[in-house]
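Beneath this line is the structure, given in structure tokens, with notes to follow.
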Amino acid sequence: MSESRTRPRIAVVVFPGSNDDGDAVLALERLGADAFPVWHGEPDLPAADAVVLPGGFSYGDYLRCGAIARFAPVMGAVTSFAGEGGLVLGICNGFQVLCEAGLLPGTLRPNASLSFVCRDVDVVVERADTPFTTRAEQGQCLTMPIKHGEGCYFADDELLPELEATRQIALRYADNPNGSVADVAGVVNADGNVLGLMPHPEHAVDPLLGPTGGALVLGSLVDAARERTFAPA
């Protein structure tokens with residue numbers, strides 16, 4: 001089979017205010033996918049093997065981060081796609097949107113410092129058996145940048161033990177930059193096909209620009225999408 005036939009198609013949703021959609025497309029292309037943008041107003045998803053909700057400030061982050069984007073027409077299709085086992089990755093604002101839409105547990109609140117944080121952080125891989133982390137090893141430390149004002153993950157005293165018990169915490173901060181409960185940097189849904197994380201893997205792919213920890217996350221997604229699509233019947 002030719003290389004072009006084994007490149008999975010990955011949709012990158014574009015909301016008004018998204019600003020990392022282009023970087024996500026470029027990073028996914030570099031890692032072996034055919035990535036393409038999908039406008040938020042589309043009621044249906046084109047044929048795709050995975051979906052990425054990128055970072056930015058959807059709808060200006062008015063009301064609450066991700067709270068308006070959850071009602072975008074395309075989110076109905078994303079929800080159906082995820083419900084059928086499709087791979088969905090939410091990065092930063094995309095993570096916020098997934099939580100607001102009920103596709104991931106918990107919520108994102110203003111940083112404990114009440115200030116915008118923009119720097120590289122180290123995150124520890126808690127699980128290497130998800131479709132988003134197979135290129136990494138459990139316990140491995142990945143360096144990726146963050147840039148957010150509302151990245152403090154919160155789960156209450158009832159939800160947090162459940163997430164720990166079901167191993168839905170996929171990534172933790174080595175040095176918590178925003179006050180997230182239990183150092184949570186990324187969580188998966190109960191079925192393991194939806195991941196949200198606050199760090200930006202699309203900005204940590206090219207060694208000429210800095211750390212490459214993000215390539216392990218996005219590369220794992222590309223691998224999983226390819227395997228699901230091109231696996232022998």
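Note on naming: chains are A, B, ... as they come in the structure tokens, residues start from 1 per chain, ligands start from 1 in the order shown.
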Discussion item. At a cut-off of 12 Å, using only C-alpha atoms, what residues contact Tyr62 in chain A? Leave out same-chain residues fewer than 5 positions from it and give the result as a PyMOL selection string.
Written reply: chain A and resi 16-17+57+67-69
Saved selection, atoms kept: N, CA and C atoms, as a PDB file, in the first residue's frame:
ATOM      1  N   PRO A  16     -14.304  30.439  15.803  1.00  0.00           N
ATOM      2  CA  PRO A  16     -13.898  31.842  15.827  1.00  0.00           C
ATOM      3  C   PRO A  16     -13.023  32.067  17.067  1.00  0.00           C
ATOM      4  N   GLY A  17     -11.821  32.526  16.873  1.00  0.00           N
ATOM      5  CA  GLY A  17     -10.905  32.726  17.995  1.00  0.00           C
ATOM      6  C   GLY A  17      -9.876  31.634  18.145  1.00  0.00           C
ATOM      7  N   PHE A  57      -8.959  30.820  21.692  1.00  0.00           N
ATOM      8  CA  PHE A  57      -9.947  31.502  22.530  1.00  0.00           C
ATOM      9  C   PHE A  57     -11.287  31.459  21.800  1.00  0.00           C
ATOM     10  N   ALA A  67     -17.535  27.461  26.903  1.00  0.00           N
ATOM     11  CA  ALA A  67     -18.968  27.360  27.202  1.00  0.00           C
ATOM     12  C   ALA A  67     -19.842  27.663  25.996  1.00  0.00           C
ATOM     13  N   ILE A  68     -19.383  28.529  25.100  1.00  0.00           N
ATOM     14  CA  ILE A  68     -20.163  28.829  23.901  1.00  0.00           C
ATOM     15  C   ILE A  68     -19.837  27.829  22.798  1.00  0.00           C
ATOM     16  N   ALA A  69     -18.570  27.460  22.699  1.00  0.00           N
ATOM     17  CA  ALA A  69     -18.152  26.533  21.643  1.00  0.00           C
ATOM     18  C   ALA A  69     -18.866  25.193  21.734  1.00  0.00           C
TER      19      ALA A  69
END
Worksheet item: Near Gln96 in chain A, counting only C-alpha atoms, which residues have an atom at most 9 Å away, once you skip same-chain residues fewer than 4 positions from it, shown as JSON, numbers by chain?
Response: {"A": [65, 66, 67, 90, 91, 92, 100, 101, 107, 108, 150, 151, 196, 197, 198]}
Just to be explicit: take each residue in the selection above, keep N, CA and C atoms, and write the result as a PDB file, in the first residue's frame.
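Writing the result to part.pdb gives the following:
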ATOM      1  N   CYS A  65     -14.632  29.828  29.380  1.00  0.00           N
ATOM      2  CA  CYS A  65     -13.855  29.152  28.339  1.00  0.00           C
ATOM      3  C   CYS A  65     -14.562  27.884  27.867  1.00  0.00           C
ATOM      4  N   GLY A  66     -14.830  27.822  26.583  1.00  0.00           N
ATOM      5  CA  GLY A  66     -15.445  26.643  25.985  1.00  0.00           C
ATOM      6  C   GLY A  66     -16.945  26.568  26.126  1.00  0.00           C
ATOM      7  N   ALA A  67     -17.535  27.461  26.903  1.00  0.00           N
ATOM      8  CA  ALA A  67     -18.968  27.360  27.202  1.00  0.00           C
ATOM      9  C   ALA A  67     -19.842  27.663  25.996  1.00  0.00           C
ATOM     10  N   GLY A  90      -8.437  17.072  22.550  1.00  0.00           N
ATOM     11  CA  GLY A  90      -8.662  18.484  22.830  1.00  0.00           C
ATOM     12  C   GLY A  90      -7.434  19.089  23.475  1.00  0.00           C
ATOM     13  N   ILE A  91      -6.915  20.153  22.865  1.00  0.00           N
ATOM     14  CA  ILE A  91      -5.700  20.802  23.345  1.00  0.00           C
ATOM     15  C   ILE A  91      -6.050  22.170  23.925  1.00  0.00           C
ATOM     16  N   CYS A  92      -5.714  22.399  25.187  1.00  0.00           N
ATOM     17  CA  CYS A  92      -5.913  23.686  25.855  1.00  0.00           C
ATOM     18  C   CYS A  92      -7.379  24.120  25.758  1.00  0.00           C
ATOM     19  N   GLU A 100     -16.781  21.185  28.838  1.00  0.00           N
ATOM     20  CA  GLU A 100     -18.070  21.879  28.797  1.00  0.00           C
ATOM     21  C   GLU A 100     -19.122  21.051  28.070  1.00  0.00           C
ATOM     22  N   ALA A 101     -18.679  20.293  27.066  1.00  0.00           N
ATOM     23  CA  ALA A 101     -19.608  19.481  26.274  1.00  0.00           C
ATOM     24  C   ALA A 101     -19.940  18.152  26.942  1.00  0.00           C
ATOM     25  N   THR A 107     -13.682  20.101  35.168  1.00  0.00           N
ATOM     26  CA  THR A 107     -13.788  21.428  34.563  1.00  0.00           C
ATOM     27  C   THR A 107     -12.461  22.145  34.681  1.00  0.00           C
ATOM     28  N   LEU A 108     -12.295  23.206  33.916  1.00  0.00           N
ATOM     29  CA  LEU A 108     -11.098  24.046  33.983  1.00  0.00           C
ATOM     30  C   LEU A 108     -11.470  25.400  34.556  1.00  0.00           C
ATOM     31  N   GLU A 150      -6.849  29.943  32.202  1.00  0.00           N
ATOM     32  CA  GLU A 150      -7.850  29.122  32.882  1.00  0.00           C
ATOM     33  C   GLU A 150      -7.535  27.649  32.627  1.00  0.00           C
ATOM     34  N   GLY A 151      -6.429  27.210  33.210  1.00  0.00           N
ATOM     35  CA  GLY A 151      -5.982  25.833  33.009  1.00  0.00           C
ATOM     36  C   GLY A 151      -5.963  25.003  34.259  1.00  0.00           C
ATOM     37  N   GLY A 196      -8.111  15.109  26.754  1.00  0.00           N
ATOM     38  CA  GLY A 196      -7.935  16.546  26.837  1.00  0.00           C
ATOM     39  C   GLY A 196      -6.686  16.840  27.629  1.00  0.00           C
ATOM     40  N   LEU A 197      -5.881  17.788  27.172  1.00  0.00           N
ATOM     41  CA  LEU A 197      -4.689  18.199  27.916  1.00  0.00           C
ATOM     42  C   LEU A 197      -4.478  19.687  27.731  1.00  0.00           C
ATOM     43  N   MET A 198      -3.924  20.325  28.760  1.00  0.00           N
ATOM     44  CA  MET A 198      -3.669  21.755  28.673  1.00  0.00           C
ATOM     45  C   MET A 198      -2.368  22.092  27.961  1.00  0.00           C
TER      46      MET A 198
END
Fill in: Residues within 8 Å of Gly85 in chain A, only C-alpha atoms, excluding chain neighbours under 4 positions, as a list in words
Phe81, Asp191 and Asn193 of chain A
Practice prompt. Find the residues around Leu216 in chain A up to 9 Å (only C-alpha atoms counted), leave out those fewer than 4 positions away in its own chain, and share them as a list in words.
Written response: Phe132, Thr133, Thr134, Arg135, Ala136, Leu142, Pro201, Val205, Thr212, Ser220 and Leu221 of chain A
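Residues of range 31-165 of chain A carrying a DSSP assignment of alpha helix (DSSP H), computed from the backbone, are Pro73, Val74, Met75, Gly76, Ala77, Val78, Thr79, Ser80, Phe81, Ala82, Gly83, Asn93, Gly94, Phe95, Gln96, Val97, Leu98, Cys99, Glu100, Leu159, Leu160, Pro161, Glu162, Leu163, Glu164 and Ala165 of chain A.
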Keeping only C-alpha atoms, write those residues as a PDB file, in the first residue's frame.
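Below is the file again-v1.pdb, written as the result:
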ATOM      1  CA  PRO A  73     -23.054  22.966  15.107  1.00  0.00           C
ATOM      2  CA  VAL A  74     -19.941  20.853  14.553  1.00  0.00           C
ATOM      3  CA  MET A  75     -19.916  19.712  18.187  1.00  0.00           C
ATOM      4  CA  GLY A  76     -22.966  17.531  17.596  1.00  0.00           C
ATOM      5  CA  ALA A  77     -20.972  15.641  14.987  1.00  0.00           C
ATOM      6  CA  VAL A  78     -17.906  15.499  17.255  1.00  0.00           C
ATOM      7  CA  THR A  79     -20.026  14.100  20.088  1.00  0.00           C
ATOM      8  CA  SER A  80     -21.477  11.426  17.814  1.00  0.00           C
ATOM      9  CA  PHE A  81     -18.021  10.599  16.471  1.00  0.00           C
ATOM     10  CA  ALA A  82     -16.662  10.166  20.003  1.00  0.00           C
ATOM     11  CA  GLY A  83     -19.705   8.123  21.041  1.00  0.00           C
ATOM     12  CA  ASN A  93      -9.085  25.500  24.757  1.00  0.00           C
ATOM     13  CA  GLY A  94     -10.102  22.226  23.113  1.00  0.00           C
ATOM     14  CA  PHE A  95      -9.809  20.527  26.507  1.00  0.00           C
ATOM     15  CA  GLN A  96     -12.064  23.209  27.972  1.00  0.00           C
ATOM     16  CA  VAL A  97     -14.594  22.668  25.192  1.00  0.00           C
ATOM     17  CA  LEU A  98     -14.630  18.895  25.746  1.00  0.00           C
ATOM     18  CA  CYS A  99     -15.287  19.366  29.469  1.00  0.00           C
ATOM     19  CA  GLU A 100     -18.070  21.879  28.797  1.00  0.00           C
ATOM     20  CA  LEU A 159     -15.137  12.681  41.120  1.00  0.00           C
ATOM     21  CA  LEU A 160     -11.383  12.740  41.801  1.00  0.00           C
ATOM     22  CA  PRO A 161     -11.218   9.327  43.547  1.00  0.00           C
ATOM     23  CA  GLU A 162     -13.249   7.888  40.683  1.00  0.00           C
ATOM     24  CA  LEU A 163     -10.789   9.259  38.134  1.00  0.00           C
ATOM     25  CA  GLU A 164      -7.899   7.818  40.108  1.00  0.00           C
ATOM     26  CA  ALA A 165      -9.584   4.426  40.426  1.00  0.00           C
TER      27      ALA A 165
END
